[in-house]
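Peer 1: Have a look at this one.
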Amino acid sequence: MKEMLKKIDQTVDFLKSRIDCTPEIAIILGSGLGKLAEVIKDAKVIPYGEIPNFPETTVIGHEGKLIFGKVRNRNVVAMKGRFHYYEGNDIDTVVYPVRVFKRLGIGNLIVTNAAGGINTSFKPGDLMLITDHISLFCENPLRGENIDELGPRFPDMTMAYDRDLQKLALESAARLGIDLKTGVYSYCKGPSYESPAEIRALRNLGADAVGMSTVPETIAARHMGMRILGISCITNMAAGILDKPLNHEEVMETGKLVEKKFTELVSEIIDNWR
Ligand code: HPA
């Protein structure tokens with residue numbers, strides 16, 4: 001585990017040598033939500049391949065890069081191309097970037113994703129503020145020897161998604177006239193979509209949306225005491241909610257349709273960050 005910390009710190013040292021100032025906020029851009037990267041000013045782009053010890057994305061068409069720069073005068077870093085468990089990455093790899101961000105001195109994290117809607121009052125194209133998560137059936141990224149330098153053995157997840165940031169997001173959405181839904185995000189490993197019976201089970205457990213990312217990063221970030229804001233883009237209704245099969249193209253298309261709204265909301269939130 002000390003080995004892992006050493007690797008993380010090598011990555012951090014490299015990034016420090018390439019940037020002028022430490023960002024205030026790190027943003028993980030979910031599948032199909034990459035447009036936000038286009039509004040980053042004074043962008044310094046660093047491909048993952050150039051960063052020592054940084055993993056590389058395996059998904060074709062998902063370029064992997066860190067983009068340092070400004071969104072409405074706040075220094076941010078956006079991660080375009082995240083590491084999913086379903087790609088065959090081990091869970092340490094999935095959370096590696098978040099650990100780098102915190103060791104770099106970044107205290108705030110915005111996690112975003114595409115998700116299937118379980119709550120029947122949602123529709124494709126809605127944005128959902130994540131208020132809590134379910135990850136009962138998935139591997140925990142903190143399993144194994146604890147890295148005490150990062151955080152405690154048994155971190156609290158009571159307020160994993162920062163309450164003040166949730167308030168800020170809802171106020172920002174209201175100012176823009178965006179109907180921001182709220183709900184519980186349930187993490188499934190993928191890559192197959194869930195079965196209708198699984199979705200019924202998740203609904204009974206209190207889930208409003210389902211996806212294949214975000215929770216490992218959130219757990220690792222909370223372990224290190226980061227403040228987290230999570231936003232899901234509801235790209236489709238989850239399996240069995242509607243009487244029709246799911247397809248990945250629909251998920252990507254809806255992502256494209258809401259990218260503008262999503263980018264406006266995240267920019268407004270960043271502008272008013274407190
Ligand atoms: N399930 C899991 N992940 C997803 C979905 C879904 O329905 N939609 C987008 N990502």
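Convention: chains lettered A, B, ... in structure tokens order; per-chain residue numbering from 1; ligands numbered from 1 as shown.
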Pick out the residues no farther than 7 Å from ligand 1, counting only C-alpha atoms and all ligand atoms, and list them as a list in words.

Peer 2: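 Counting only what the definition allows, namely only C-alpha atoms and all ligand atoms, the set is Ala114, Ala115, Gly116, Gly117, Cys188, Gly190, Tyr193, Glu194, Val210, Gly211, Met212, Ile234, Thr235, Asn236, Met237, Ala238, Ala239 and Val251 of chain A.
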
Peer 1: Show which residues sit within 12 Å of Arg222 of chain A, as a PyMOL selection string. Count only C-alpha atoms, and ignore same-chain residues fewer than 2 positions away.

Peer 2: chain A and resi 95+98-99+102+107-109+141-142+150-162+215-220+224-229

Peer 1: Tell me, in Å to one decimal, how far atom CA of Gly144 of chain A is from atom CA of Ile28 of chain A.

Peer 2: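 The value is 24.9 Å.
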
Peer 1: Write out as a PDB file with N, CA, C and O atoms, in the first residue's frame the residues lying within 8 Å of Ile40 of chain A, counting only C-alpha atoms and excluding same-chain residues fewer than 3 positions away.

Peer 2:
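Dumped everything to part_6.pdb:
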```pdb
ATOM      1  N   LEU A  36     -18.595  19.842 -21.547  1.00  0.00           N
ATOM      2  CA  LEU A  36     -18.131  20.805 -20.544  1.00  0.00           C
ATOM      3  C   LEU A  36     -16.662  21.169 -20.789  1.00  0.00           C
ATOM      4  O   LEU A  36     -16.237  22.304 -20.550  1.00  0.00           O
ATOM      5  N   ALA A  37     -15.914  20.191 -21.287  1.00  0.00           N
ATOM      6  CA  ALA A  37     -14.485  20.427 -21.541  1.00  0.00           C
ATOM      7  C   ALA A  37     -14.291  21.597 -22.503  1.00  0.00           C
ATOM      8  O   ALA A  37     -13.294  22.307 -22.431  1.00  0.00           O
ATOM      9  N   ALA A  43      -7.084  26.415 -21.452  1.00  0.00           N
ATOM     10  CA  ALA A  43      -6.963  24.983 -21.158  1.00  0.00           C
ATOM     11  C   ALA A  43      -5.549  24.447 -21.383  1.00  0.00           C
ATOM     12  O   ALA A  43      -4.914  24.745 -22.394  1.00  0.00           O
ATOM     13  N   ILE A  67      -7.866  18.038 -18.307  1.00  0.00           N
ATOM     14  CA  ILE A  67      -7.912  19.390 -18.853  1.00  0.00           C
ATOM     15  C   ILE A  67      -7.901  20.372 -17.689  1.00  0.00           C
ATOM     16  O   ILE A  67      -8.872  20.459 -16.923  1.00  0.00           O
ATOM     17  N   PHE A  68      -6.800  21.055 -17.522  1.00  0.00           N
ATOM     18  CA  PHE A  68      -6.676  22.077 -16.479  1.00  0.00           C
ATOM     19  C   PHE A  68      -7.037  23.425 -17.090  1.00  0.00           C
ATOM     20  O   PHE A  68      -6.634  23.715 -18.218  1.00  0.00           O
ATOM     21  N   GLY A  69      -7.765  24.239 -16.363  1.00  0.00           N
ATOM     22  CA  GLY A  69      -8.108  25.566 -16.872  1.00  0.00           C
ATOM     23  C   GLY A  69      -9.161  26.229 -16.011  1.00  0.00           C
ATOM     24  O   GLY A  69      -9.330  25.859 -14.839  1.00  0.00           O
ATOM     25  N   LYS A  70      -9.879  27.178 -16.622  1.00  0.00           N
ATOM     26  CA  LYS A  70     -10.851  27.940 -15.838  1.00  0.00           C
ATOM     27  C   LYS A  70     -12.260  27.756 -16.379  1.00  0.00           C
ATOM     28  O   LYS A  70     -12.486  27.803 -17.582  1.00  0.00           O
ATOM     29  N   VAL A  71     -13.220  27.570 -15.469  1.00  0.00           N
ATOM     30  CA  VAL A  71     -14.625  27.671 -15.817  1.00  0.00           C
ATOM     31  C   VAL A  71     -15.135  28.876 -15.040  1.00  0.00           C
ATOM     32  O   VAL A  71     -15.068  28.883 -13.793  1.00  0.00           O
TER      33      VAL A  71
END
```

Peer 1: Would you kindly return, as a list in words, each protein, DNA or RNA residue with an atom no farther than 8 Å from any atom of segment 252-267 of chain A, considering only C-alpha atoms and excluding same-chain residues fewer than 5 positions away?

Peer 2: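 Returned residues: Ser31, Gly32, Leu33, Gly34, Lys35, Leu36, Val71, Arg72, Ala114, Pro124, Gly125, Asp126, Leu127, Ala169, Ser172, Ala173, Leu176, Ile178, Cys233, Thr235 and Asn236 of chain A.
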
Peer 1: Could those selected residues go to a file with C-alpha atoms, as a PDB file, in the first residue's frame?

Peer 2:
```
ATOM      1  CA  SER A  31     -20.103   9.155 -20.755  1.00  0.00           C
ATOM      2  CA  GLY A  32     -21.492  11.536 -23.336  1.00  0.00           C
ATOM      3  CA  LEU A  33     -21.079  14.564 -21.054  1.00  0.00           C
ATOM      4  CA  GLY A  34     -17.741  15.730 -22.387  1.00  0.00           C
ATOM      5  CA  LYS A  35     -18.965  19.049 -23.781  1.00  0.00           C
ATOM      6  CA  LEU A  36     -18.131  20.805 -20.544  1.00  0.00           C
ATOM      7  CA  VAL A  71     -14.625  27.671 -15.817  1.00  0.00           C
ATOM      8  CA  ARG A  72     -16.049  31.151 -15.155  1.00  0.00           C
ATOM      9  CA  ALA A 114     -25.198   8.769 -17.499  1.00  0.00           C
ATOM     10  CA  PRO A 124     -34.906  10.608 -20.411  1.00  0.00           C
ATOM     11  CA  GLY A 125     -33.133  13.957 -20.602  1.00  0.00           C
ATOM     12  CA  ASP A 126     -33.707  14.822 -16.927  1.00  0.00           C
ATOM     13  CA  LEU A 127     -30.797  15.731 -14.699  1.00  0.00           C
ATOM     14  CA  ALA A 169     -26.916  22.960  -7.168  1.00  0.00           C
ATOM     15  CA  SER A 172     -28.301  27.192  -9.540  1.00  0.00           C
ATOM     16  CA  ALA A 173     -30.795  24.994 -11.403  1.00  0.00           C
ATOM     17  CA  LEU A 176     -31.517  28.656 -14.955  1.00  0.00           C
ATOM     18  CA  ILE A 178     -33.795  23.716 -15.009  1.00  0.00           C
ATOM     19  CA  CYS A 233     -28.030  12.521 -16.620  1.00  0.00           C
ATOM     20  CA  THR A 235     -30.366   8.909 -20.526  1.00  0.00           C
ATOM     21  CA  ASN A 236     -32.997   6.151 -20.603  1.00  0.00           C
TER      22      ASN A 236
END
```

Peer 1: Could you state the separation of atom CA of Asn73 of chain A and atom CA of Leu165 of chain A in Å, given to one decimal place?

Peer 2: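 Distance reported for this atom pair: 18.5 Å.
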
Peer 1: Mind checking which residues fall within 9 Å of Thr214 of chain A, counting only C-alpha atoms, ignoring those fewer than 4 positions away in the same chain, and posting them as a ChimeraX atom specification?

Peer 2: /A:28,30,84,111-113,185,187,218-219,230

Peer 1: Closest to Phe14 of chain A among A:Gly206, A:Leu180, A:Lys2, A:Leu104, using only C-alpha atoms?

Peer 2: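 Smallest distance to Phe14 of chain A is found for A:Leu104.
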
Peer 1: What is the atom CA of Asp208 of chain A to atom CA of Asp271 of chain A distance in Å?

Peer 2: 28.0 Å

Peer 1: Using only C-alpha atoms, can you tell me which of A:Lys80, A:Lys7, A:Arg74, A:Lys16 comes closest to Pro52 of chain A?

Peer 2: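 With only C-alpha atoms as the atom set, the closest residue is A:Lys7.
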
Peer 1: Of the candidates A:Phe54, A:Ile241, A:Glu198, A:Ala78, which one gets nearest to Glu38 of chain A if we count only C-alpha atoms?

Peer 2: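 Counting only C-alpha atoms, the residue closest to Glu38 of chain A is A:Ala78.
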